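Coordinates from structure.cif are shown below (mmCIF, C-alpha atoms).
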```
data_start
loop_
_atom_site.label_atom_id
_atom_site.label_comp_id
_atom_site.auth_asym_id
_atom_site.auth_seq_id
_atom_site.Cartn_x
_atom_site.Cartn_y
_atom_site.Cartn_z
CA MET A 176 0.00 0.00 0.00
CA ARG A 177 1.59 3.27 -1.10
CA CYS A 178 2.20 6.10 1.33
CA VAL A 179 0.01 9.13 0.86
CA ASN A 180 2.63 11.79 0.76
CA CYS A 181 6.11 10.48 0.06
CA VAL A 182 7.19 8.54 -3.01
CA GLY A 183 9.71 6.29 -1.35
CA CYS A 184 7.74 5.30 1.72
CA SER A 185 5.16 2.52 1.92
CA TRP A 186 3.56 0.54 4.69
CA SER A 187 1.37 -2.46 5.22
CA ARG A 188 0.13 -4.16 8.32
CA PRO A 189 2.55 -7.08 8.86
CA SER A 190 1.16 -10.53 8.28
CA ARG A 191 1.24 -13.40 10.73
CA ALA A 192 3.29 -15.35 8.20
CA HIS A 193 6.23 -13.06 8.91
CA GLY A 194 5.81 -13.46 12.64
CA ILE A 195 5.59 -9.78 13.45
CA ILE A 196 2.10 -9.85 14.87
CA SER A 197 1.21 -12.94 16.82
CA SER A 198 -2.23 -14.44 17.13
CA GLY A 199 -4.20 -14.81 20.31
CA GLY A 200 -4.27 -11.16 21.16
CA HIS A 201 -0.54 -10.92 21.93
CA LEU A 202 1.41 -7.73 21.52
CA SER A 203 3.73 -7.48 18.58
CA SER A 204 7.46 -7.45 19.22
CA ARG A 205 8.69 -4.88 16.74
CA PHE A 206 7.95 -1.30 16.00
CA TYR A 207 8.71 1.10 13.19
CA GLN A 208 9.73 4.71 13.65
CA CYS A 209 9.84 7.47 11.11
CA PRO A 210 12.69 9.95 11.62
CA SER A 211 10.33 12.90 11.11
CA SER A 212 7.74 11.74 13.62
CA SER A 213 7.53 11.47 17.38
CA LEU A 214 4.97 8.68 17.42
CA SER A 215 5.82 5.00 16.98
CA PHE A 216 3.19 2.40 16.17
CA ARG A 217 4.42 -1.09 16.80
CA SER A 218 3.72 -3.55 14.01
CA SER A 219 1.03 -1.40 12.47
CA PHE A 220 2.73 0.73 9.84
CA VAL A 221 5.74 2.63 8.71
CA CYS A 222 4.92 6.29 9.07
CA CYS A 223 5.65 8.93 6.51
CA SER A 224 6.69 12.56 6.41
CA SER A 225 4.56 15.53 7.35
CA THR A 226 2.04 17.20 5.11
CA SER A 227 1.45 20.82 4.38
CA GLY A 228 -1.54 22.56 5.89
CA PRO A 229 -3.35 25.86 5.73
CA SER A 230 -2.80 28.66 8.16
CA ASP A 231 -5.03 28.95 11.22
CA SER A 232 -8.49 30.26 10.48
CA ASN A 233 -11.73 30.78 12.33
CA PRO A 234 -14.59 28.32 11.77
CA GLU A 235 -17.62 29.47 9.90
CA SER A 236 -20.10 30.39 12.59
CA SER A 237 -23.14 31.73 10.80
CA SER A 238 -25.37 28.70 11.18
CA ASN A 239 -25.78 25.18 12.48
CA ARG A 240 -25.74 23.65 9.03
CA SER A 241 -23.98 20.39 8.26
CA TYR A 242 -21.40 20.23 5.51
CA SER A 243 -20.32 17.47 3.15
CA TYR A 244 -17.43 17.59 0.71
CA SER A 245 -15.97 15.13 -1.76
CA ARG A 246 -13.06 16.15 -3.94
CA ARG A 247 -10.61 14.20 -6.02
CA TRP A 248 -7.35 13.19 -4.37
CA HIS A 249 -4.12 14.99 -5.16
CA ASN A 250 -0.66 14.51 -3.73
CA PRO A 251 0.19 17.03 -0.97
CA LEU A 252 3.56 18.74 -0.87
CA PRO A 253 5.95 17.84 1.95
CA TRP A 254 6.03 20.17 4.94
CA ARG A 255 9.03 20.77 7.21
CA ARG A 256 8.68 21.66 10.87
CA HIS A 257 11.04 24.20 12.35
CA PRO A 258 13.63 22.44 14.59
CA ASP A 259 12.15 24.18 17.64
CA GLN A 260 8.85 22.41 16.96
CA MET A 261 10.27 18.94 16.39
CA PRO A 262 9.13 16.52 19.12
CA SER A 263 12.05 14.58 20.55
CA SER A 264 10.56 11.91 22.84
CA ARG A 265 8.94 8.69 21.72
CA ILE A 266 5.48 7.35 22.53
CA ALA A 267 4.69 3.90 21.15
CA ARG A 268 1.37 2.09 20.81
CA ASP A 269 0.98 -1.61 20.02
CA TRP A 270 -1.23 -3.13 17.36
CA ILE A 271 -3.05 -6.18 18.75
CA ASP A 272 -4.65 -8.88 16.62
CA SER A 273 -7.86 -10.47 17.84
CA ASP A 274 -8.18 -14.17 18.56
CA THR A 275 -10.63 -14.48 15.69
CA THR A 276 -9.13 -15.77 12.47
CA SER A 277 -10.47 -14.61 9.15
CA VAL A 278 -9.99 -15.55 5.53
CA SER A 279 -11.66 -12.36 4.39
CA GLN A 280 -10.01 -10.44 1.60
CA ALA A 281 -8.52 -7.01 2.14
CA SER A 282 -11.47 -5.56 0.24
CA GLU A 283 -13.76 -6.93 2.97
CA ARG A 284 -11.87 -5.16 5.77
CA PHE A 285 -11.93 -1.57 6.90
CA THR A 286 -10.35 0.47 9.69
CA VAL A 287 -12.23 2.99 11.85
CA VAL A 288 -10.87 5.75 14.08
CA SER A 289 -12.76 7.58 16.81
CA TYR A 290 -11.01 10.71 18.04
CA ASN A 291 -12.02 13.57 20.32
CA ILE A 292 -9.52 16.14 19.08
CA LEU A 293 -10.09 18.85 21.79
CA GLY A 294 -11.76 21.91 20.35
CA ASP A 295 -9.62 25.00 20.02
CA ARG A 296 -12.11 27.11 21.98
CA ASN A 297 -12.35 24.53 24.77
CA SER A 298 -8.57 24.43 25.15
CA SER A 299 -8.67 28.20 25.73
CA TYR A 300 -11.82 28.42 27.88
CA HIS A 301 -10.79 25.60 30.21
CA ARG A 302 -7.16 26.48 30.89
CA ASP A 303 -7.54 25.13 34.43
CA LEU A 304 -7.56 21.65 32.89
CA TYR A 305 -4.33 22.26 30.99
CA SER A 306 -2.21 24.42 33.29
CA ASN A 307 0.51 21.74 33.18
CA VAL A 308 0.65 21.92 29.38
CA SER A 309 3.18 24.26 27.78
CA PHE A 310 1.33 26.97 25.89
CA PRO A 311 2.86 26.18 22.45
CA TYR A 312 1.43 22.65 22.67
CA LEU A 313 -2.09 24.04 23.17
CA LYS A 314 -1.97 26.23 20.08
CA TRP A 315 -4.27 25.00 17.35
CA GLY A 316 -1.67 25.26 14.59
CA TYR A 317 0.66 22.89 16.41
CA ARG A 318 -2.07 20.46 17.50
CA LYS A 319 -3.71 20.43 14.07
CA ARG A 320 -0.52 19.22 12.44
CA LEU A 321 0.04 16.51 15.06
CA ILE A 322 -3.55 15.27 14.71
CA CYS A 323 -3.58 15.24 10.91
CA GLU A 324 -0.12 13.69 10.65
CA GLU A 325 -1.16 10.95 13.09
CA LEU A 326 -4.31 10.20 11.11
CA ILE A 327 -2.55 10.23 7.75
CA ARG A 328 0.06 7.79 9.07
CA LEU A 329 -2.67 5.52 10.40
CA LYS A 330 -4.43 5.75 7.02
CA PRO A 331 -7.82 4.56 8.29
CA ASP A 332 -10.76 4.11 5.96
CA ILE A 333 -13.17 5.98 8.27
CA ILE A 334 -12.56 8.71 10.86
CA CYS A 335 -15.09 10.00 13.37
CA MET A 336 -14.08 13.14 15.25
CA GLN A 337 -15.68 14.93 18.15
CA GLU A 338 -15.19 18.46 19.50
CA VAL A 339 -14.40 19.85 16.06
CA ASP A 340 -14.50 23.64 15.77
CA LYS A 341 -12.01 24.09 12.93
CA TYR A 342 -13.57 21.72 10.43
CA PHE A 343 -12.43 23.50 7.28
CA ASP A 344 -8.83 23.57 8.53
CA LEU A 345 -9.00 19.80 8.97
CA PHE A 346 -10.82 19.19 5.72
CA SER A 347 -8.30 21.10 3.65
CA MET A 348 -5.59 18.77 5.00
CA MET A 349 -7.54 15.51 4.98
CA GLU A 350 -8.83 15.91 1.42
CA LYS A 351 -5.23 15.90 0.22
CA ALA A 352 -4.95 12.41 1.71
CA GLY A 353 -7.97 11.19 -0.25
CA TYR A 354 -10.77 11.77 2.27
CA ALA A 355 -14.24 13.18 1.81
CA GLY A 356 -15.93 14.65 4.85
CA SER A 357 -19.14 15.67 6.58
CA TYR A 358 -19.68 18.01 9.54
CA LYS A 359 -22.50 18.75 11.97
CA ARG A 360 -22.15 21.68 14.32
CA ARG A 361 -23.78 21.74 17.73
CA THR A 362 -26.86 23.88 18.13
CA GLY A 363 -27.12 27.03 20.23
CA ASP A 364 -24.10 29.27 20.72
CA ASN A 365 -21.59 26.42 20.49
CA ILE A 366 -19.07 26.37 17.67
CA ASP A 367 -17.84 22.76 17.86
CA GLY A 368 -19.48 19.62 16.56
CA CYS A 369 -18.93 16.16 15.07
CA ALA A 370 -17.14 15.32 11.82
CA MET A 371 -16.83 12.22 9.68
CA PHE A 372 -14.18 11.51 7.08
CA TRP A 373 -14.01 8.49 4.76
CA LYS A 374 -11.68 7.33 2.02
CA ALA A 375 -13.40 8.46 -1.15
CA ASP A 376 -11.91 5.64 -3.21
CA ARG A 377 -13.16 2.99 -0.78
CA PHE A 378 -16.63 4.18 0.29
CA ARG A 379 -19.60 5.94 -1.20
CA VAL A 380 -22.28 7.60 0.93
CA LEU A 381 -25.82 6.36 0.33
CA GLU A 382 -27.63 8.34 3.03
CA ARG A 383 -26.83 10.74 5.84
CA GLU A 384 -28.83 11.91 8.85
CA ASN A 385 -27.98 14.38 11.59
CA ILE A 386 -29.49 14.36 15.07
CA GLU A 387 -30.04 17.60 16.98
CA PHE A 388 -30.84 16.56 20.52
CA SER A 389 -32.19 20.01 21.32
CA GLN A 390 -35.29 19.05 19.34
CA PHE A 391 -36.04 16.50 22.07
CA GLY A 392 -35.17 18.71 25.03
CA MET A 393 -31.73 17.11 25.44
CA ARG A 394 -29.35 20.08 25.24
CA ASP A 395 -27.33 21.22 22.22
CA ASN A 396 -25.32 18.08 21.48
CA VAL A 397 -25.51 16.47 18.06
CA ALA A 398 -24.82 13.14 16.39
CA GLN A 399 -24.21 11.95 12.84
CA LEU A 400 -25.43 8.86 10.99
CA ALA A 401 -24.31 7.71 7.55
CA VAL A 402 -24.87 4.67 5.37
CA LEU A 403 -21.60 3.80 3.64
CA GLU A 404 -21.06 1.24 0.90
CA LEU A 405 -17.76 -0.33 -0.08
CA ARG A 406 -16.94 0.56 -3.68
CA LYS A 407 -14.88 -2.55 -4.44
CA SER A 408 -16.32 -5.73 -3.01
CA ASN A 409 -17.56 -9.06 -4.33
CA LYS A 410 -20.75 -8.46 -2.35
CA SER A 411 -22.79 -5.36 -1.68
CA ARG A 412 -21.22 -4.43 1.64
CA LYS A 413 -22.81 -1.60 3.60
CA ILE A 414 -22.41 -0.29 7.13
CA LEU A 415 -24.33 2.18 9.26
CA LEU A 416 -21.85 4.56 10.88
CA GLY A 417 -22.74 6.66 13.94
CA ASN A 418 -20.74 9.45 15.57
CA ILE A 419 -21.68 11.18 18.84
CA HIS A 420 -20.30 13.45 21.53
CA VAL A 421 -22.51 12.88 24.56
CA LEU A 422 -23.17 15.73 27.00
CA TYR A 423 -20.31 16.13 29.48
CA ASN A 424 -22.19 17.29 32.61
CA PRO A 425 -21.99 14.36 35.08
CA ASN A 426 -25.06 15.60 36.98
CA LYS A 427 -27.30 15.31 33.92
CA GLY A 428 -27.46 11.54 33.68
CA ASP A 429 -31.02 11.73 32.37
CA VAL A 430 -29.90 13.76 29.34
CA LYS A 431 -26.84 11.60 28.73
CA LEU A 432 -28.95 8.45 28.81
CA GLY A 433 -31.57 10.02 26.55
CA GLN A 434 -28.98 11.00 23.97
CA ILE A 435 -27.46 7.52 23.85
CA ARG A 436 -30.89 5.88 23.72
CA SER A 437 -31.99 8.14 20.87
CA LEU A 438 -28.82 7.49 18.85
CA CYS A 439 -29.28 3.73 19.17
CA SER A 440 -32.95 3.91 18.17
CA LYS A 441 -32.29 6.06 15.11
CA ALA A 442 -29.34 3.90 14.08
CA HIS A 443 -31.56 0.83 14.32
CA LEU A 444 -34.22 2.39 12.08
CA LEU A 445 -31.71 3.43 9.43
CA SER A 446 -30.04 0.02 9.52
CA LYS A 447 -33.44 -1.63 9.02
CA LYS A 448 -34.19 0.66 6.09
CA TRP A 449 -31.11 -0.60 4.27
CA GLY A 450 -31.63 -4.29 5.02
CA ASP A 451 -30.39 -4.75 8.58
CA ILE A 452 -26.88 -3.64 7.75
CA PRO A 453 -24.23 -3.85 10.49
CA ILE A 454 -23.59 -0.84 12.70
CA VAL A 455 -20.50 0.90 14.08
CA LEU A 456 -21.04 3.59 16.72
CA CYS A 457 -18.08 5.85 17.49
CA GLY A 458 -17.68 8.66 19.93
CA ASP A 459 -16.95 10.26 23.23
CA PHE A 460 -19.78 8.84 25.34
CA ASN A 461 -18.68 10.69 28.50
CA SER A 462 -19.21 7.57 30.60
CA THR A 463 -16.75 5.10 32.09
CA PRO A 464 -16.64 1.30 31.66
CA GLN A 465 -17.84 0.78 35.25
CA SER A 466 -20.87 3.04 34.81
CA PRO A 467 -24.58 2.27 34.37
CA LEU A 468 -24.47 4.11 31.02
CA TYR A 469 -21.82 1.69 29.75
CA ASN A 470 -23.93 -1.23 30.96
CA PHE A 471 -26.92 0.25 29.16
CA LEU A 472 -25.03 0.25 25.86
CA ALA A 473 -23.80 -3.31 26.42
CA SER A 474 -27.02 -4.84 27.79
CA SER A 475 -29.68 -2.73 26.00
CA GLU A 476 -31.63 -1.85 29.14
CA LEU A 477 -31.44 0.11 32.38
CA ASN A 478 -33.83 0.68 35.28
CA VAL A 479 -33.25 4.35 36.07
CA MET A 480 -34.80 4.11 39.52
CA GLU A 481 -31.94 1.88 40.67
CA HIS A 482 -29.42 4.67 40.11
CA ASP A 483 -28.70 8.26 41.04
CA LYS A 484 -28.83 10.34 37.86
CA ARG A 485 -25.70 12.17 39.01
CA GLU A 486 -23.75 8.90 39.09
CA LEU A 487 -24.90 7.30 35.83
CA SER A 488 -21.71 8.18 33.97
CA GLY A 489 -19.06 7.27 36.57
CA GLN A 490 -17.06 10.38 35.69
CA LYS A 491 -16.89 11.67 39.27
CA ASN A 492 -14.68 8.76 40.27
CA CYS A 493 -11.92 9.59 37.78
CA HIS A 494 -9.97 12.48 39.25
CA PRO A 495 -6.29 11.62 38.63
CA ALA A 496 -5.35 11.87 42.32
CA LYS A 497 -8.09 9.42 43.25
CA VAL A 498 -7.32 7.01 40.40
CA LEU A 499 -3.58 6.97 41.08
CA GLU A 500 -4.01 6.67 44.84
CA THR A 501 -6.46 3.77 44.82
CA GLY A 502 -5.50 2.12 41.54
CA SER A 503 -9.20 1.87 40.75
CA LYS A 504 -12.28 3.94 40.11
CA SER A 505 -14.51 2.41 42.76
CA SER A 506 -17.60 4.36 43.64
CA SER A 507 -17.91 6.23 46.91
CA THR A 508 -21.04 6.31 49.04
CA ILE A 509 -23.97 7.51 46.94
CA THR A 510 -26.75 9.72 48.18
CA PHE A 511 -29.65 9.20 45.81
CA SER A 512 -31.39 12.17 44.27
CA SER A 513 -35.00 11.82 43.22
CA TRP A 514 -36.02 11.70 39.57
CA THR A 515 -38.63 14.15 38.30
CA ASN A 516 -41.25 13.03 35.79
CA GLU A 517 -39.56 15.13 33.10
CA GLU A 518 -36.17 13.55 33.79
CA ILE A 519 -37.70 10.08 33.55
CA ARG A 520 -39.31 11.02 30.22
CA VAL A 521 -36.01 12.34 28.84
CA ALA A 522 -34.08 9.29 30.02
CA THR A 523 -36.52 6.56 28.97
CA GLY A 524 -38.50 8.24 26.19
CA GLN A 525 -41.72 7.31 27.98
CA GLU A 526 -43.98 8.98 30.51
CA ASN A 527 -44.83 5.98 32.69
CA SER A 528 -41.81 3.67 32.52
CA TYR A 529 -38.66 3.48 34.59
CA TRP A 530 -36.88 1.34 32.00
CA ALA A 531 -34.66 2.78 29.30
CA VAL A 532 -34.14 0.34 26.43
CA HIS A 533 -32.51 0.34 23.02
CA PRO A 534 -32.93 -2.18 20.17
CA LEU A 535 -29.28 -2.89 19.31
CA LYS A 536 -27.00 -5.76 20.28
CA LEU A 537 -23.64 -4.03 20.71
CA ASN A 538 -20.12 -5.04 21.62
CA SER A 539 -17.07 -2.89 22.22
CA SER A 540 -14.18 -3.57 19.84
CA TYR A 541 -11.53 -2.93 22.50
CA ALA A 542 -13.24 -5.13 25.08
CA SER A 543 -13.53 -7.85 22.40
CA VAL A 544 -9.80 -7.87 21.62
CA ARG A 545 -7.67 -9.10 24.51
CA GLY A 546 -5.02 -6.57 25.48
CA SER A 547 -2.21 -6.04 27.93
CA PRO A 548 -2.92 -5.82 31.69
CA ASN A 549 -0.90 -2.61 31.59
CA THR A 550 -3.51 -0.93 29.39
CA ARG A 551 -6.82 -2.69 30.14
CA ASP A 552 -9.30 -2.72 33.01
CA SER A 553 -11.38 -5.54 34.46
CA VAL A 554 -13.91 -5.50 31.60
CA GLY A 555 -11.26 -5.28 28.89
CA GLU A 556 -11.63 -1.59 28.10
CA PRO A 557 -8.65 0.78 28.05
CA LEU A 558 -7.60 2.07 31.45
CA ALA A 559 -7.56 5.58 30.05
CA THR A 560 -8.49 7.27 26.78
CA SER A 561 -8.38 10.81 28.19
CA TYR A 562 -6.08 12.62 30.60
CA HIS A 563 -5.95 16.15 31.97
CA LEU A 564 -5.63 17.68 35.43
CA LYS A 565 -9.16 16.73 36.50
CA PHE A 566 -9.76 13.44 34.68
CA LEU A 567 -7.91 10.19 34.03
CA GLY A 568 -10.05 7.43 32.58
CA THR A 569 -11.95 6.03 29.62
CA VAL A 570 -14.93 7.67 27.92
CA ASP A 571 -14.31 6.85 24.23
CA TYR A 572 -15.54 3.69 22.52
CA LEU A 573 -16.00 1.88 19.23
CA TRP A 574 -19.21 -0.18 19.43
CA TYR A 575 -20.23 -2.66 16.73
CA SER A 576 -23.19 -4.92 15.99
CA ASP A 577 -23.70 -8.39 14.54
CA GLY A 578 -22.37 -8.78 11.01
CA LEU A 579 -18.95 -7.37 11.89
CA VAL A 580 -15.94 -8.82 13.70
CA PRO A 581 -13.02 -6.80 15.09
CA ALA A 582 -9.75 -7.99 13.53
CA GLY A 583 -7.57 -5.92 15.83
CA VAL A 584 -7.11 -2.64 17.68
CA LEU A 585 -4.37 -0.11 18.31
CA ASP A 586 -3.83 -0.44 22.03
CA THR A 587 -3.82 2.60 24.28
CA LEU A 588 -1.01 3.69 26.61
CA PRO A 589 -0.17 2.43 30.11
CA ILE A 590 -1.04 4.79 32.95
CA ASP A 591 2.60 5.37 33.84
CA VAL A 592 3.39 6.48 30.30
CA LEU A 593 0.45 8.88 30.32
CA CYS A 594 1.45 10.27 33.69
CA LYS A 595 4.94 11.08 32.44
CA THR A 596 3.36 13.58 30.06
CA LYS A 597 1.88 15.42 33.11
CA GLY A 598 -1.30 15.91 31.12
CA LEU A 599 -2.51 15.95 27.53
CA PRO A 600 -2.11 17.42 24.99
CA CYS A 601 1.68 17.32 24.99
CA GLN A 602 4.61 17.65 22.64
CA GLU A 603 3.79 14.36 20.91
CA LEU A 604 -0.02 14.14 21.19
CA GLY A 605 -2.37 16.80 19.86
CA SER A 606 -5.42 16.17 22.05
CA ASP A 607 -6.37 15.35 25.62
CA HIS A 608 -7.88 12.14 24.23
CA LEU A 609 -6.20 9.19 22.51
CA ALA A 610 -7.37 8.10 19.09
CA LEU A 611 -9.13 4.72 19.17
CA VAL A 612 -8.45 2.53 16.14
CA SER A 613 -10.07 -0.77 15.18
CA GLU A 614 -10.02 -2.88 12.05
CA PHE A 615 -13.21 -4.79 11.22
CA PHE A 616 -14.14 -7.44 8.72
CA PHE A 617 -17.56 -8.57 7.58
CA GLU A 618 -18.75 -11.94 8.87
CA PRO A 619 -18.32 -14.39 5.98
CA ASN A 620 -21.99 -15.37 6.03
CA GLY A 621 -23.20 -11.89 6.87
#
```

Could you render the structure from this file as structure tokens?
Amino acid sequence: MRCVNCVGCSWSRPSRAHGIISSGGHLSSRFYQCPSSSLSFRSSFVCCSSTSGPSDSNPESSSNRSYSYSRRWHNPLPWRRHPDQMPSSRIARDWIDSDTTSVSQASERFTVVSYNILGDRNSSYHRDLYSNVSFPYLKWGYRKRLICEELIRLKPDIICMQEVDKYFDLFSMMEKAGYAGSYKRRTGDNIDGCAMFWKADRFRVLERENIEFSQFGMRDNVAQLAVLELRKSNKSRKILLGNIHVLYNPNKGDVKLGQIRSLCSKAHLLSKKWGDIPIVLCGDFNSTPQSPLYNFLASSELNVMEHDKRELSGQKNCHPAKVLETGSKSSSTITFSSWTNEEIRVATGQENSYWAVHPLKLNSSYASVRGSPNTRDSVGEPLATSYHLKFLGTVDYLWYSDGLVPAGVLDTLPIDVLCKTKGLPCQELGSDHLALVSEFFFEPNG
């Protein structure tokens, strides 16, 4: 597979035949490093040189419209970073194969990234979260290049981003790597939103739908849905892709639950419309693996009266000092707050029911691929996908339905490696979240 932006550089995921990636969910033993990059990805690819990008610009802020672009690919010119900007340390992530073997062809496989990239405005408005971060590493121009270079090296087929407030900056760089894109801005006075990118030579878009949760009394968050079809496949292969950034506020568990429930219901309807096609849901769900909201996604149901709405997400147990002191995110004593009728309606979608349900059968790709004890928790999820001064834990996920099988994931970082950065973003990583990466293949009989 040819590198996007340098003639003499190519990469391919190593095969088991060469012994670089072992089966059974074991970590690979080699890694490749590009001289121009600070990030190493063990046994996943050889990275390439940097790409040119536009100067910083303000996002268009006149409306809450969604945008979709598809332009022909052209080769970007190389870009050189000033020596003062060149990261010097090394952060490596391991590619892990799943236990599941597959004889599927490369044309039947695709790679998905979910990435909360930290909005430029949020990095400025919430400086208390990033006081340990050197100011140059918070600047959008620096972070933009790190994020885009990381994604171009990964070369995924599909990218779902959250907290995007400089979409056209990103698009102008990603289109040069062969991606088309779509954007949905949050409603109200917010300037960030969700964005999808897909390889234009691999996928065509059959249908798109945006969700504005404000229409249902669930704040100004938004979500995206898209039906994508593989262009080159022996069968007609389609997937339903979802992208969401769930409300942050830990005290508003009713709204968070309502947003997740609504996304699942709408994804189910659109999947049915196109013949029960498989589903991938990406995003920052602002809920931890030990939380009732996580269990709701995994089990399809939740009795809201058994939980305090302020504790549904588990976020309050993830202050770095608490996590590092106890080595866990165990819940403290909970004082239940009562649910109002309106909160029950928002959470469950019904006036007279305490049960929230959704119609999907979902699994998490990271929990399905066995990883290292240094990076995984008791349910198999990453120990941390986000880190700043007030949070250390996991809130990002790649969920998938029947019809798909995860072939592997790019593992996250051990807690001790994250802690050495003293908080994200840093010199090597452009966001306070880690990018989640999973390769999927279609079930042979699907």

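Atom CA of Ile519 of chain A sits 9.9 Å away from atom CA of Lys484 of chain A.
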
Got a sec: who's within 12 Å of Gln280 of chain A, counting only C-alpha atoms, leaving out chain neighbours fewer than 4 positions off, as a PyMOL selection string? chain A and resi 284-285+407-410+615-619

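With all atoms listed in the file taken into account, the protein and nucleic acid residues at most 9 Å from Ser488 of chain A (excluding it and anything under 3 positions from it in its own chain) are Pro425, Asn426, Gly428, Lys431, Leu432, Phe460, Asn461, Ser462, Thr463, Pro464, Gln465, Ser466, Pro467, Leu468, Tyr469, Lys484, Arg485 and Lys491 of chain A.
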
Evaluate the PyMOL selection byres ((chain A and resi 286) around 10) and report residues as a ChimeraX atom specification: /A:284-285,287-288,329-334,581-584,612-616

Rounded to one decimal in Å, what is the spacing between atom CA of Val455 of chain A and atom CA of Asp586 of chain A? 18.5 Å

Selected residue, from A:Met371, A:Ala355, A:Ala496, A:Val308, that lies nearest to Val339 of chain A when counting all atoms listed in the file: A:Met371

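The two atoms in question, atom CA of His420 of chain A and atom CA of Ser513 of chain A, are spaced 26.3 Å apart.
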
Since I can't run it myself right now, could you work out what the PyMOL selection byres ((chain A and resi 539) around 12) selects here and report it as JSON, numbers by chain? {"A": [454, 455, 456, 457, 458, 464, 469, 470, 472, 473, 474, 536, 537, 538, 540, 541, 542, 543, 544, 545, 554, 555, 556, 557, 571, 572, 573, 574, 575, 576, 577, 579, 580, 581, 583, 584, 611, 612, 613, 615]}

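Of the listed residues (A:Pro548, A:Ser298, A:Tyr290, A:Ser309), A:Tyr290 comes nearest to Glu325 of chain A; the distances count all atoms listed in the file.
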
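If you measure from each of A:Pro589, A:Gly294, A:Gly578, A:Gly316 to Ile452 of chain A using only C-alpha atoms, the closest one turns out to be A:Gly578.
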
Using the chain letters and numbers from the file, which residues does the PyMOL selection byres ((chain A and resi 382-397) around 9) grab, as a ChimeraX atom specification? /A:241,359-365,368-369,380-381,398-403,418-422,429-431,433-434,437-438,441,445,521

File dump, residues just selected, C-alpha atoms, as a PDB file, in the frame of the given file:
```pdb
ATOM      1  CA  SER A 241     -23.980  20.390   8.260  1.00  0.00           C
ATOM      2  CA  LYS A 359     -22.500  18.750  11.970  1.00  0.00           C
ATOM      3  CA  ARG A 360     -22.150  21.680  14.320  1.00  0.00           C
ATOM      4  CA  ARG A 361     -23.780  21.740  17.730  1.00  0.00           C
ATOM      5  CA  THR A 362     -26.860  23.880  18.130  1.00  0.00           C
ATOM      6  CA  GLY A 363     -27.120  27.030  20.230  1.00  0.00           C
ATOM      7  CA  ASP A 364     -24.100  29.270  20.720  1.00  0.00           C
ATOM      8  CA  ASN A 365     -21.590  26.420  20.490  1.00  0.00           C
ATOM      9  CA  GLY A 368     -19.480  19.620  16.560  1.00  0.00           C
ATOM     10  CA  CYS A 369     -18.930  16.160  15.070  1.00  0.00           C
ATOM     11  CA  VAL A 380     -22.280   7.600   0.930  1.00  0.00           C
ATOM     12  CA  LEU A 381     -25.820   6.360   0.330  1.00  0.00           C
ATOM     13  CA  ALA A 398     -24.820  13.140  16.390  1.00  0.00           C
ATOM     14  CA  GLN A 399     -24.210  11.950  12.840  1.00  0.00           C
ATOM     15  CA  LEU A 400     -25.430   8.860  10.990  1.00  0.00           C
ATOM     16  CA  ALA A 401     -24.310   7.710   7.550  1.00  0.00           C
ATOM     17  CA  VAL A 402     -24.870   4.670   5.370  1.00  0.00           C
ATOM     18  CA  LEU A 403     -21.600   3.800   3.640  1.00  0.00           C
ATOM     19  CA  ASN A 418     -20.740   9.450  15.570  1.00  0.00           C
ATOM     20  CA  ILE A 419     -21.680  11.180  18.840  1.00  0.00           C
ATOM     21  CA  HIS A 420     -20.300  13.450  21.530  1.00  0.00           C
ATOM     22  CA  VAL A 421     -22.510  12.880  24.560  1.00  0.00           C
ATOM     23  CA  LEU A 422     -23.170  15.730  27.000  1.00  0.00           C
ATOM     24  CA  ASP A 429     -31.020  11.730  32.370  1.00  0.00           C
ATOM     25  CA  VAL A 430     -29.900  13.760  29.340  1.00  0.00           C
ATOM     26  CA  LYS A 431     -26.840  11.600  28.730  1.00  0.00           C
ATOM     27  CA  GLY A 433     -31.570  10.020  26.550  1.00  0.00           C
ATOM     28  CA  GLN A 434     -28.980  11.000  23.970  1.00  0.00           C
ATOM     29  CA  SER A 437     -31.990   8.140  20.870  1.00  0.00           C
ATOM     30  CA  LEU A 438     -28.820   7.490  18.850  1.00  0.00           C
ATOM     31  CA  LYS A 441     -32.290   6.060  15.110  1.00  0.00           C
ATOM     32  CA  LEU A 445     -31.710   3.430   9.430  1.00  0.00           C
ATOM     33  CA  VAL A 521     -36.010  12.340  28.840  1.00  0.00           C
TER      34      VAL A 521
END
```

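For the residues A:Ala610, A:Ile327, A:Leu293, A:Leu345, ranking by smallest atom-to-atom distance to Lys374 of chain A using all atoms listed in the file places A:Ile327 first.
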
Using only C-alpha atoms, which of A:Arg302, A:Glu350, A:Asp483, A:Asn307 sits nearest Lys595 of chain A? A:Asn307

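Minimum atom-to-atom distances from A:Leu588, A:Cys439, A:Leu405, A:Ala370 to Met336 of chain A were compared using all atoms listed in the file, and the lowest value belongs to A:Ala370.
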
Do you know which residues lie at most 12 Å from (-0.9, 24.7, 33.2), with coordinates as in the file and all atoms listed in the file counted, and could you write them as JSON, numbers by chain? {"A": [298, 299, 301, 302, 303, 304, 305, 306, 307, 308, 309, 310, 311, 312, 313, 563, 564, 565, 597, 598, 599, 600, 601]}
